[in-house]
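For reference, query_33.txt (compact mmCIF, C-alpha atoms):
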# COMPACT_ATOMS: atom_id res chain seq x y z
CA MET A 18 -49.10 99.52 -72.84
CA LYS A 19 -48.96 103.11 -71.61
CA LYS A 20 -46.22 102.11 -69.23
CA VAL A 21 -44.21 100.69 -72.08
CA PHE A 22 -44.46 103.94 -74.01
CA LEU A 23 -43.53 105.87 -70.92
CA LEU A 24 -40.57 103.60 -70.38
CA ILE A 25 -39.43 104.00 -73.98
CA ALA A 26 -39.82 107.74 -73.70
CA CYS A 27 -37.75 107.73 -70.52
CA ILE A 28 -35.06 105.60 -72.08
CA TRP A 29 -35.05 107.90 -75.11
CA ALA A 30 -34.65 110.98 -72.94
CA ILE A 31 -31.83 109.48 -70.90
CA GLY A 32 -30.28 107.96 -73.99
CA ALA A 33 -29.87 111.34 -75.59
CA SER A 34 -26.99 112.12 -73.27
CA ALA A 35 -25.03 109.03 -74.28
CA GLN A 36 -23.03 109.00 -77.47
CA VAL A 37 -21.89 106.50 -80.04
CA GLN A 38 -18.22 107.40 -80.35
CA LYS A 39 -17.19 105.09 -83.12
CA VAL A 40 -17.50 101.61 -84.56
CA ASN A 41 -14.69 99.08 -84.78
CA LEU A 42 -15.17 96.90 -87.82
CA GLN A 43 -13.15 93.84 -88.60
CA ALA A 44 -13.68 92.38 -92.07
CA SER A 45 -12.97 88.81 -93.05
CA GLY A 46 -12.19 86.80 -96.15
CA LEU A 47 -9.38 88.95 -97.48
CA THR A 48 -5.61 89.25 -97.39
CA CYS A 49 -4.86 91.84 -100.06
CA ALA A 50 -4.62 95.62 -100.00
CA MET A 51 -6.82 95.98 -103.08
CA CYS A 52 -9.56 94.03 -101.29
CA SER A 53 -9.11 96.12 -98.15
CA LYS A 54 -9.33 99.28 -100.21
CA ALA A 55 -12.59 98.09 -101.74
CA ILE A 56 -14.07 97.84 -98.24
CA TYR A 57 -12.56 101.17 -97.21
CA LYS A 58 -14.10 102.91 -100.22
CA ALA A 59 -17.48 101.27 -99.73
CA VAL A 60 -17.65 102.20 -96.04
CA SER A 61 -16.34 105.73 -96.64
CA ALA A 62 -19.09 106.28 -99.22
CA ILE A 63 -21.88 105.75 -96.66
CA SER A 64 -23.65 109.08 -96.06
CA PHE A 65 -23.38 109.10 -92.25
CA VAL A 66 -19.70 108.05 -92.15
CA ASP A 67 -17.22 110.83 -91.45
CA THR A 68 -13.79 109.18 -91.20
CA VAL A 69 -12.40 105.66 -91.58
CA LEU A 70 -9.01 104.70 -90.15
CA VAL A 71 -7.68 101.41 -91.50
CA ASN A 72 -5.26 98.83 -90.26
CA ILE A 73 -4.76 96.81 -93.46
CA GLU A 74 -2.72 94.10 -91.79
CA ALA A 75 -5.36 93.38 -89.14
CA SER A 76 -8.25 94.10 -91.51
CA THR A 77 -9.76 96.52 -88.98
CA TYR A 78 -11.56 99.79 -89.68
CA ASP A 79 -12.12 102.48 -87.10
CA ILE A 80 -15.27 104.28 -88.26
CA ARG A 81 -16.45 107.65 -86.96
CA PHE A 82 -19.69 109.36 -87.88
CA ASN A 83 -20.97 112.78 -88.78
CA SER A 84 -22.01 114.48 -85.55
CA ASP A 85 -25.63 115.02 -86.59
CA ALA A 86 -26.13 111.59 -88.14
CA THR A 87 -27.60 108.37 -86.79
CA PRO A 88 -25.37 105.46 -87.73
CA GLN A 89 -27.11 102.45 -89.30
CA PHE A 90 -24.94 99.44 -88.52
CA ASP A 91 -26.73 97.18 -91.00
CA GLN A 92 -25.64 99.56 -93.78
CA ILE A 93 -22.01 99.17 -92.73
CA ALA A 94 -22.33 95.38 -92.87
CA LYS A 95 -24.03 95.64 -96.26
CA ALA A 96 -21.18 97.79 -97.63
CA VAL A 97 -18.66 95.10 -96.63
CA VAL A 98 -20.73 92.33 -98.21
CA ASP A 99 -21.27 94.35 -101.41
CA ALA A 100 -17.52 94.82 -101.65
CA GLY A 101 -17.31 91.02 -101.74
CA PHE A 102 -16.32 90.20 -98.17
CA SER A 103 -17.80 89.52 -94.73
CA VAL A 104 -17.92 91.10 -91.31
CA ALA A 105 -15.91 89.27 -88.63
CA ASN A 106 -16.71 91.73 -85.84
CA LEU A 107 -18.67 94.96 -85.51
CA THR A 108 -18.32 96.68 -82.15
CA VAL A 109 -19.96 99.97 -81.22
CA VAL A 110 -18.03 102.12 -78.76
CA VAL A 111 -20.43 104.21 -76.67
CA ASN A 112 -19.73 106.80 -74.03
CA PHE A 113 -22.53 106.29 -71.50
CA ASN A 114 -23.70 108.81 -68.99
CA LYS A 115 -25.74 106.91 -66.41
CA GLN A 116 -27.69 105.01 -69.04
CA ASN A 117 -30.56 103.00 -67.62
CA VAL A 118 -31.14 99.53 -68.96
CA ASP A 119 -34.61 98.07 -68.48
CA LYS A 120 -35.20 94.66 -66.94
CA ASN A 121 -35.38 93.06 -70.39
CA GLY A 122 -31.90 94.40 -71.23
CA LEU A 123 -33.27 97.05 -73.62
CA LEU A 124 -31.85 100.52 -74.06
CA THR A 125 -32.16 103.24 -76.68
CA LEU A 126 -29.39 105.47 -78.01
CA ASP A 127 -29.93 108.15 -80.65
CA GLY A 128 -33.22 106.55 -81.55
CA ILE A 129 -31.70 103.11 -82.03
CA GLN A 130 -32.78 100.30 -79.74
CA TYR A 131 -30.32 97.75 -78.42
CA LYS A 132 -30.89 94.60 -76.44
CA ILE A 133 -28.06 93.48 -74.23
CA MET A 134 -27.51 89.75 -74.33
CA GLY A 135 -27.15 87.98 -71.00
CA THR A 136 -27.23 89.80 -67.70
CA SER A 137 -26.73 93.52 -67.84
CA PRO A 138 -26.09 96.10 -65.12
CA ALA A 139 -29.11 98.35 -64.51
CA THR A 140 -27.04 101.42 -65.33
CA LEU A 141 -24.21 101.88 -67.82
CA GLN A 142 -21.54 104.45 -67.18
CA GLY A 143 -18.45 105.52 -69.10
CA SER A 144 -17.00 104.08 -72.31
CA LYS A 145 -18.35 100.63 -73.21
CA LYS A 146 -17.91 98.35 -76.16
CA LEU A 147 -21.07 96.74 -77.50
CA GLN A 148 -20.42 93.92 -79.95
CA LEU A 149 -23.24 93.39 -82.43
CA ILE A 150 -24.56 89.84 -82.35
CA GLY A 151 -25.99 88.45 -85.57
CA LYS A 152 -25.18 86.33 -88.56
CA GLN A 153 -24.20 89.35 -90.67
CA TYR A 154 -21.96 90.81 -87.95
CA MET A 155 -19.81 87.80 -86.99
CA LEU A 156 -17.68 84.97 -88.27
CA PRO A 157 -19.77 81.82 -88.74
CA LYS A 158 -17.75 80.01 -86.04
CA ASP A 159 -18.48 82.78 -83.53
CA TYR A 160 -22.14 82.94 -84.47
CA LYS A 161 -22.51 79.21 -83.82
CA LYS A 162 -21.60 79.81 -80.17
CA ILE A 163 -24.55 82.17 -79.68
CA PRO A 164 -27.41 80.35 -77.91
CA ALA A 165 -30.28 79.66 -80.29
CA GLY A 166 -33.23 82.01 -79.85
CA SER A 167 -31.13 84.85 -78.37
CA ASN A 168 -32.77 87.30 -80.74
CA SER A 169 -36.19 85.67 -80.91
CA ASP A 170 -37.99 88.17 -78.68
CA ILE A 171 -36.68 91.38 -80.24
CA SER A 172 -37.94 93.38 -83.18
CA ALA A 173 -36.09 93.53 -86.47
CA LYS A 174 -35.02 97.10 -85.74
CA THR A 175 -33.37 96.23 -82.42
CA TYR A 176 -29.69 95.37 -82.37
CA LEU A 177 -28.68 92.46 -80.18
CA VAL A 178 -25.39 93.28 -78.48
CA ALA A 179 -22.94 91.82 -75.97
CA ILE A 180 -20.98 94.08 -73.61
CA LYS A 181 -17.29 93.38 -74.08
CA MET B 12 8.64 69.26 -116.58
CA LYS B 13 11.43 70.14 -114.14
CA LYS B 14 10.50 73.78 -114.54
CA LEU B 15 6.93 72.96 -113.61
CA TYR B 16 7.95 71.27 -110.37
CA PHE B 17 10.18 74.18 -109.58
CA PHE B 18 7.32 76.64 -109.92
CA LEU B 19 4.91 74.55 -107.91
CA LEU B 20 7.49 74.19 -105.17
CA LEU B 21 8.19 77.89 -105.22
CA ILE B 22 4.51 78.74 -105.03
CA THR B 23 3.45 76.30 -102.34
CA GLY B 24 6.60 76.34 -100.24
CA VAL B 25 7.08 80.04 -99.66
CA GLU B 26 5.30 81.34 -96.56
CA LEU B 27 3.99 84.65 -97.80
CA GLY B 28 0.72 86.40 -98.36
CA ALA B 29 -1.48 85.30 -101.21
CA GLN B 30 -3.33 86.85 -104.09
CA GLU B 31 -5.87 85.66 -106.53
CA LEU B 32 -5.74 88.38 -109.14
CA TYR B 33 -4.61 85.92 -111.75
CA VAL B 34 -3.36 87.01 -115.12
CA TYR B 35 -4.94 84.34 -117.35
CA THR B 36 -7.88 83.08 -115.36
CA GLU B 37 -10.69 84.57 -113.29
CA PRO B 38 -11.07 83.66 -109.60
CA ALA B 39 -14.48 82.76 -108.16
CA SER B 40 -14.36 86.05 -106.24
CA ASN B 41 -15.90 89.01 -107.99
CA MET B 42 -14.95 92.63 -108.15
CA PRO B 43 -16.87 94.83 -105.68
CA ALA B 44 -20.41 95.91 -106.54
CA ASN B 45 -20.58 99.24 -108.40
CA SER B 46 -16.93 99.12 -109.38
CA PHE B 47 -15.48 99.29 -112.85
CA ALA B 48 -12.15 98.24 -114.38
CA VAL B 49 -10.39 98.64 -117.70
CA LYS B 50 -7.85 96.08 -118.81
CA GLN B 51 -5.51 96.60 -121.73
CA SER B 52 -3.17 93.85 -122.81
CA THR B 53 -0.97 92.74 -125.65
CA LYS B 54 0.09 89.20 -126.45
CA PHE B 55 3.35 88.62 -128.25
CA PHE B 56 3.35 85.26 -129.95
CA GLY B 57 6.40 83.10 -130.40
CA GLN B 58 7.05 80.57 -133.14
CA GLY B 59 4.18 79.54 -135.34
CA ALA B 60 2.35 82.85 -135.69
CA THR B 61 2.64 84.69 -138.95
CA SER B 62 2.25 88.03 -137.22
CA SER B 63 3.26 88.55 -133.69
CA THR B 64 0.92 90.69 -131.62
CA ARG B 65 -2.71 90.74 -130.52
CA HIS B 66 -4.19 93.53 -128.43
CA ALA B 67 -7.18 93.24 -126.15
CA THR B 68 -9.31 95.80 -124.35
CA GLU B 69 -11.63 94.56 -121.66
CA LEU B 70 -14.18 96.48 -119.60
CA MET B 71 -15.36 94.94 -116.35
CA PHE B 72 -18.33 95.88 -114.17
CA GLY B 73 -19.32 94.74 -110.72
CA ALA B 74 -23.08 94.65 -111.29
CA SER B 75 -23.82 93.38 -107.78
CA LYS B 76 -21.89 91.66 -105.04
CA ASN B 77 -22.40 88.34 -106.84
CA LEU B 78 -22.50 89.25 -110.51
CA MET B 79 -19.82 90.72 -112.71
CA ILE B 80 -19.90 91.36 -116.41
CA HIS B 81 -17.07 91.79 -118.90
CA GLY B 82 -17.09 93.05 -122.44
CA SER B 83 -13.94 92.76 -124.49
CA ALA B 84 -12.51 93.16 -127.96
CA THR B 85 -9.32 91.90 -129.56
CA TYR B 86 -7.61 93.58 -132.45
CA GLY B 87 -4.40 93.33 -134.37
CA ALA B 88 -2.97 92.28 -137.70
CA LEU B 89 -2.55 88.57 -137.18
CA ASN B 90 -2.25 86.16 -140.11
CA ASN B 91 -1.34 88.84 -142.64
CA THR B 92 -4.64 90.67 -142.41
CA PRO B 93 -4.81 94.46 -142.18
CA PHE B 94 -4.84 95.83 -138.65
CA GLY B 95 -8.39 95.74 -137.38
CA LEU B 96 -10.96 94.30 -135.04
CA GLU B 97 -10.69 90.53 -134.69
CA SER B 98 -13.24 89.58 -132.11
CA ILE B 99 -15.71 90.72 -129.48
CA ARG B 100 -16.71 88.83 -126.39
CA ALA B 101 -19.15 89.09 -123.48
CA TYR B 102 -18.55 87.28 -120.20
CA GLY B 103 -20.62 87.02 -117.03
CA LYS B 104 -19.75 85.38 -113.74
CA TYR B 105 -22.07 84.68 -110.84
CA ARG B 106 -20.69 83.85 -107.40
CA PHE B 107 -23.09 81.40 -105.82
CA PHE B 108 -21.12 80.19 -102.83
CA SER B 109 -19.00 82.11 -100.37
CA ALA B 110 -17.65 81.11 -96.98
CA ASP B 111 -15.31 83.62 -95.37
CA GLY B 112 -12.97 82.87 -92.49
CA MET B 113 -10.81 85.54 -90.85
CA TYR B 114 -7.98 85.28 -93.37
CA SER B 115 -9.42 82.67 -95.67
CA HIS B 116 -12.29 82.08 -98.02
CA SER B 117 -13.84 79.42 -100.20
CA ARG B 118 -15.81 80.61 -103.15
CA MET B 119 -17.58 79.12 -106.13
CA ALA B 120 -18.87 80.79 -109.23
CA ALA B 121 -20.47 79.86 -112.51
CA PHE B 122 -19.60 81.69 -115.70
CA ALA B 123 -20.82 81.94 -119.27
CA GLU B 124 -19.31 83.70 -122.25
CA ILE B 125 -20.12 84.28 -125.87
CA ALA B 126 -17.63 85.36 -128.52
CA HIS B 127 -17.70 86.43 -132.13
CA SER B 128 -14.58 86.42 -134.26
CA ASN B 129 -13.89 87.78 -137.72
CA THR B 130 -10.75 85.77 -138.20
CA LYS B 131 -10.46 82.77 -140.46
CA PRO B 132 -10.11 79.50 -138.57
CA MET B 133 -6.51 78.37 -138.94
CA TYR B 134 -5.78 76.28 -135.87
CA GLN B 135 -7.23 73.29 -134.08
CA GLU B 136 -6.98 75.04 -130.75
CA ILE B 137 -10.33 76.36 -129.55
CA ASN B 138 -9.83 79.92 -128.41
CA LEU B 139 -12.74 82.27 -127.78
CA GLN B 140 -10.43 85.21 -127.07
CA GLY B 141 -9.77 86.13 -130.67
CA ASP B 142 -9.64 83.05 -132.86
CA GLN B 143 -13.17 81.66 -132.99
CA SER B 144 -16.83 82.40 -132.52
CA GLY B 145 -18.58 80.32 -129.90
CA ASN B 146 -19.59 80.07 -126.30
CA GLN B 147 -18.43 78.58 -123.05
CA VAL B 148 -19.99 77.74 -119.69
CA GLY B 149 -18.09 76.66 -116.62
CA LEU B 150 -17.38 76.65 -112.91
CA VAL B 151 -14.65 78.24 -110.83
CA PHE B 152 -13.58 77.24 -107.35
CA THR B 153 -11.18 79.45 -105.40
CA GLN B 154 -9.66 78.75 -102.01
CA LEU B 155 -7.69 81.34 -100.10
CA LEU B 156 -5.72 79.75 -97.24
CA HIS B 157 -4.16 82.71 -95.49
CA LYS B 158 -0.84 82.35 -97.29
CA LEU B 159 -1.90 80.75 -100.53
CA ALA B 160 -4.61 81.31 -103.12
CA ILE B 161 -5.52 78.37 -105.34
CA SER B 162 -8.12 78.53 -108.05
CA SER B 163 -9.44 75.98 -110.46
CA THR B 164 -11.65 76.43 -113.50
CA ILE B 165 -13.43 73.92 -115.66
CA GLY B 166 -15.33 74.95 -118.75
CA TYR B 167 -17.13 73.47 -121.71
CA ALA B 168 -16.60 75.45 -124.90
CA SER B 169 -18.39 75.03 -128.20
CA ILE B 170 -17.52 76.90 -131.34
CA ASN B 171 -19.65 77.88 -134.26
CA GLY B 172 -17.59 75.90 -136.69
CA ASP B 173 -19.65 75.29 -139.79
CA SER B 174 -17.22 76.84 -142.26
CA LYS B 175 -15.30 74.66 -144.67
CA ALA B 176 -11.95 75.80 -143.32
CA HIS B 177 -13.04 74.81 -139.88
CA GLN B 178 -14.29 71.41 -140.94
CA LEU B 179 -10.95 70.68 -142.55
CA LEU B 180 -9.19 71.47 -139.29
CA MET B 181 -11.55 70.05 -136.77
CA GLY B 182 -13.85 67.62 -138.49
CA ASN B 183 -17.34 68.19 -137.15
CA LYS B 184 -16.11 68.11 -133.58
CA ALA B 185 -16.09 71.59 -132.24
CA SER B 186 -16.29 71.31 -128.47
CA ALA B 187 -13.55 71.40 -125.88
CA ILE B 188 -13.04 70.95 -122.17
CA ASN B 189 -10.95 73.80 -120.80
CA TYR B 190 -9.38 73.58 -117.38
CA SER B 191 -6.93 75.48 -115.27
CA LEU B 192 -5.21 75.40 -111.92
CA SER B 193 -3.75 78.66 -110.67
CA PHE B 194 -1.58 79.57 -107.73
CA GLY B 195 -0.82 83.06 -106.46
CA HIS B 196 1.46 84.59 -103.85
CA LEU B 197 2.23 88.01 -102.48
CA ILE B 198 5.96 88.75 -102.27
CA LEU B 199 5.90 92.42 -101.27
CA PRO B 200 5.10 94.23 -99.09
CA LYS B 201 6.05 92.05 -96.14
CA LYS B 202 3.78 94.12 -93.93
CA TYR B 203 0.88 96.30 -95.04
CA THR B 204 0.91 99.81 -93.71
CA SER B 205 -0.77 101.81 -96.47
CA TYR B 206 -2.77 101.51 -99.69
CA ASP B 207 0.02 103.36 -101.47
CA GLN B 208 2.51 100.54 -101.02
CA THR B 209 3.43 98.77 -104.24
CA ASN B 210 2.47 95.11 -104.18
CA PHE B 211 4.47 92.47 -105.96
CA ASN B 212 2.81 89.13 -106.68
CA ILE B 213 3.90 86.00 -108.47
CA TYR B 214 1.63 83.50 -110.12
CA ALA B 215 1.82 80.14 -111.82
CA GLU B 216 -1.07 78.90 -113.88
CA LEU B 217 -1.56 75.56 -115.57
CA ILE B 218 -3.93 75.97 -118.49
CA GLY B 219 -5.15 73.00 -120.49
CA GLN B 220 -7.57 72.06 -123.21
CA SER B 221 -8.88 68.74 -124.36
CA ILE B 222 -11.03 68.19 -127.45
CA PRO B 223 -12.75 64.87 -126.82
CA GLY B 224 -14.01 64.50 -130.40
CA THR B 225 -10.56 64.55 -131.93
CA GLY B 226 -8.50 63.34 -128.97
CA LYS B 227 -6.34 66.48 -129.23
CA SER B 228 -5.08 68.29 -126.18
CA TYR B 229 -2.58 70.77 -124.84
CA LEU B 230 -1.25 71.84 -121.46
CA ASP B 231 0.49 75.15 -120.86
CA LEU B 232 2.31 76.63 -117.92
CA ALA B 233 2.14 80.38 -117.44
CA PRO B 234 4.33 81.94 -114.78
CA SER B 235 3.68 85.62 -114.29
CA MET B 236 4.43 88.55 -112.10
CA GLN B 237 2.31 91.49 -111.14
CA LEU B 238 2.85 94.89 -109.65
CA ILE B 239 -0.06 96.74 -108.06
CA PHE B 240 0.34 100.47 -107.59
CA LYS B 241 -1.72 102.40 -105.03
CA SER B 242 -4.12 99.44 -104.73
CA LYS B 243 -5.70 100.34 -108.05
CA LEU B 244 -3.35 99.95 -111.02
CA LYS B 245 -2.16 96.46 -111.92
CA LEU B 246 0.73 95.74 -114.25
CA ASN B 247 1.08 92.15 -115.44
CA LEU B 248 3.90 90.41 -117.24
CA ALA B 249 3.40 86.78 -118.16
CA TYR B 250 5.10 84.10 -120.19
CA ARG B 251 3.06 81.17 -121.38
CA TYR B 252 4.66 78.08 -122.79
CA ASN B 253 3.63 74.68 -123.90
CA LEU B 254 4.30 71.62 -121.75
CA GLN B 255 2.45 69.20 -123.99
CA SER B 256 0.44 69.60 -127.19
CA SER B 257 -1.04 67.43 -129.88
CA MET B 258 -2.92 70.14 -131.77
CA SER B 259 -2.08 72.96 -134.14
CA ARG B 260 -2.02 76.33 -132.38
CA MET B 261 -1.23 79.95 -133.02
CA ALA B 262 2.00 79.61 -131.04
CA GLN B 263 3.69 77.32 -128.58
CA THR B 264 4.96 80.25 -126.56
CA SER B 265 3.72 83.76 -125.91
CA TRP B 266 4.36 86.76 -123.72
CA MET B 267 1.66 88.99 -122.36
CA LEU B 268 2.02 92.51 -121.05
CA GLY B 269 -1.01 94.19 -119.58
CA GLY B 270 -2.36 96.88 -117.33
CA GLU B 271 -5.61 97.11 -115.41
CA TRP B 272 -7.11 100.14 -113.75
CA LEU B 273 -9.70 99.61 -111.04
CA PHE B 274 -12.28 102.28 -110.21
CA LEU B 275 -13.95 101.46 -106.90
CA ASN B 276 -17.47 102.79 -106.27
CA ALA B 277 -17.60 104.12 -109.80
CA PHE B 278 -21.38 103.98 -109.82
CA LYS B 279 -23.12 105.51 -106.87
CA LYS B 280 -26.55 104.16 -106.11
If you convert what's in this file into structure tokens, what do you get?
Amino acid sequence: MKKVFLLIACIWAIGASAQVQKVNLQASGLTCAMCSKAIYKAVSAISFVDTVLVNIEASTYDIRFNSDATPQFDQIAKAVVDAGFSVANLTVVVNFNKQNVDKNGLLTLDGIQYKIMGTSPATLQGSKKLQLIGKQYMLPKDYKKIPAGSNSDISAKTYLVAIK
Amino acid sequence: MKKLYFFLLLITGVELGAQELYVYTEPASNMPANSFAVKQSTKFFGQGATSSTRHATELMFGASKNLMIHGSATYGALNNTPFGLESIRAYGKYRFFSADGMYSHSRMAAFAEIAHSNTKPMYQEINLQGDQSGNQVGLVFTQLLHKLAISSTIGYASINGDSKAHQLLMGNKASAINYSLSFGHLILPKKYTSYDQTNFNIYAELIGQSIPGTGKSYLDLAPSMQLIFKSKLKLNLAYRYNLQSSMSRMAQTSWMLGGEWLFLNAFKK
């Protein structure tokens, strides 16, 4: 158990040098500007969100965060759902600086734990896109393709992600 | 009837974006949680009405992502009465099914409303938006198919019709089946680049009522157009006319002009 704590502490320390740059959100279930604006307003109102750049036509939102804040991705998804729509894709763009990934695919960034689905390199370097995997972060047809039990061994506070 | 086919053809045949912000009916989709809207409208009645306008103010709240609540009042000087309040109404809609695709959705909602009216019953038509006191429950199904939004409503309305005047008009039968089928399309802009672009939508709604107890019915067609400014202010202009009717009504034709202001995230948690 001590080793686990040590490992987490190590990951934490290394993780501090990596940064979440932004989140690319694609919302689904809408085709109108009024609907898009509802999502824009809801996401902009989240305390840790700094700026939101929208492409209305593609229904995509480029979200950047306050520098001292820890982004909570579940809150972004909740804002979209509360506005009356769904998340089609939520991808976190991270600038890694020799980030170690443990043998179980776990890594920690800004105090948030991620588990990389499938095989992962032992070290992550440079800008990477991590797509959040989960019912609330994907279109139903995409979620169906995820192997059952992919998130069975992770805690509720860990985000399951796929490197894109 | 030719006009009807023309509208249906126009609505279903044109390959443009779609909207479901119908003028006469509610879609199964709700307004966003914590948002608020004010709707002000005036109906101008055609032949049959003794006075020609009825005003309505409606306040709408998005209580949660699935529940929205409306409160409304109608006022005017219809039927040679002094100008004043005619009716009040409360409406709630709960979205219980939602399946979103990338540019599509299927949604279902259940609604209930209760209305109180001060006006004397004068027509066989059952109308909870001004004419009668009563209640209605129903279901809405809305399908957005990338280019086209179609919505259908079915409701069962009962009115509190124990007055003598009402009995003369209706007998003891005071329940109706209300139904509607609505189509909506976005005409402009062709391509979205900003929330400040003015949107132009066209709609066609078929609105019908059947009173099983008396065998009376009507079917109306309501084409309408809508401008949306800065993604928050809606301006609606609609014309509603009778395709078929076997009951006495306030009017066979009417115009409606209305505006609606949407306040997103009006209530912070």
Practice task
Counting only C-alpha atoms, collect the residues of chain B whose closest atom lies at most 8 Å from chain A, and write them out as number ranges by chain.
Solution key: B: 28-30, 40-44, 75-77, 110-116, 157, 202-206, 242-243, 275-276
Handout entry: Separation of CA of Thr108 in chain A from CA of Leu155 in chain B, in Å and rounded to one decimal
Key = 25.9 Å
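Interatomic distance, CA of Ala160 in chain B to CA of Ser117 in chain B: 9.9 Å.
Here CA of Phe55 in chain B stands at a distance of 8.3 Å from CA of Leu268 in chain B.
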Completion exercise
In terms of all atoms listed in the file, the residue from A:Thr125, A:Gln38, A:Gln116, A:Gln153 at minimal distance from Ile93 in chain A is A:Gln153
Practice task
May I have the protein, DNA and RNA residues with any atom at most 8 Å from the point (-9.7, 82.3, -139.8), counting all atoms listed in the file, written as a list in words?
Solution key: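 Final list of nearby residues, as requested, is Asn129, Thr130, Lys131, Pro132, Met133, Asp142, Gln143 and Ala176 of chain B.
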Adding 4 Å on each side of the box along x, y and z that holds all listed atoms of range 99-115 of chain B, could you give its centre and edge lengths in Å to one decimal, as lines of an AutoDock Vina configuration file?
center_x = -15.5
center_y = 85.5
center_z = -110.2
size_x = 23.1
size_y = 18.5
size_z = 46.6
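Counting all atoms listed in the file and comparing A:Ala173, A:Ile63, A:Leu107, A:Ile163, the residue that lies closest to Gln148 in chain A is A:Leu107.
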Handout entry: Polymer residues at most 7 Å from Ile213 in chain B, all atoms listed in the file, same-chain spacing of 4 or more positions, as JSON, numbers by chain
Key = {"B": [195, 196, 197, 235, 236, 237]}
Saved selection, atoms kept: C-alpha atoms, as an mmCIF file, in the coordinates of the input:
data_model
loop_
_atom_site.group_PDB
_atom_site.id
_atom_site.type_symbol
_atom_site.label_atom_id
_atom_site.label_comp_id
_atom_site.auth_asym_id
_atom_site.auth_seq_id
_atom_site.Cartn_x
_atom_site.Cartn_y
_atom_site.Cartn_z
ATOM 1 C CA GLY B 195 -0.820 83.060 -106.460
ATOM 2 C CA HIS B 196 1.460 84.590 -103.850
ATOM 3 C CA LEU B 197 2.230 88.010 -102.480
ATOM 4 C CA SER B 235 3.680 85.620 -114.290
ATOM 5 C CA MET B 236 4.430 88.550 -112.100
ATOM 6 C CA GLN B 237 2.310 91.490 -111.140
#
Provide range 73-77 of chain B rebuilt to all heavy atoms, formatted as a tab-separated table (two decimals), keeping the file's coordinate frame.
chain	number	residue	atom	x	y	z
B	73	GLY	N	-18.75	95.48	-111.84
B	73	GLY	CA	-19.32	94.74	-110.72
B	73	GLY	C	-20.79	95.13	-110.63
B	73	GLY	O	-21.12	96.16	-110.09
B	74	ALA	N	-21.67	94.30	-111.22
B	74	ALA	CA	-23.08	94.65	-111.29
B	74	ALA	C	-23.74	94.54	-109.91
B	74	ALA	O	-24.59	95.34	-109.55
B	74	ALA	CB	-23.79	93.76	-112.30
B	75	SER	N	-23.36	93.53	-109.16
B	75	SER	CA	-23.82	93.38	-107.78
B	75	SER	C	-22.72	92.65	-107.05
B	75	SER	O	-21.69	92.34	-107.63
B	75	SER	CB	-25.13	92.60	-107.73
B	75	SER	OG	-24.88	91.22	-107.93
B	76	LYS	N	-22.96	92.35	-105.78
B	76	LYS	CA	-21.89	91.66	-105.04
B	76	LYS	C	-21.60	90.28	-105.63
B	76	LYS	O	-20.51	89.76	-105.49
B	76	LYS	CB	-22.24	91.56	-103.56
B	76	LYS	CG	-23.44	90.69	-103.28
B	76	LYS	CD	-23.73	90.61	-101.81
B	76	LYS	CE	-24.67	89.48	-101.54
B	76	LYS	NZ	-25.84	89.66	-100.83
B	77	ASN	N	-22.58	89.69	-106.32
B	77	ASN	CA	-22.40	88.34	-106.84
B	77	ASN	C	-22.21	88.26	-108.35
B	77	ASN	O	-21.81	87.23	-108.86
B	77	ASN	CB	-23.61	87.46	-106.47
B	77	ASN	CG	-23.65	87.17	-104.99
B	77	ASN	OD1	-22.61	87.06	-104.34
B	77	ASN	ND2	-24.84	87.05	-104.43
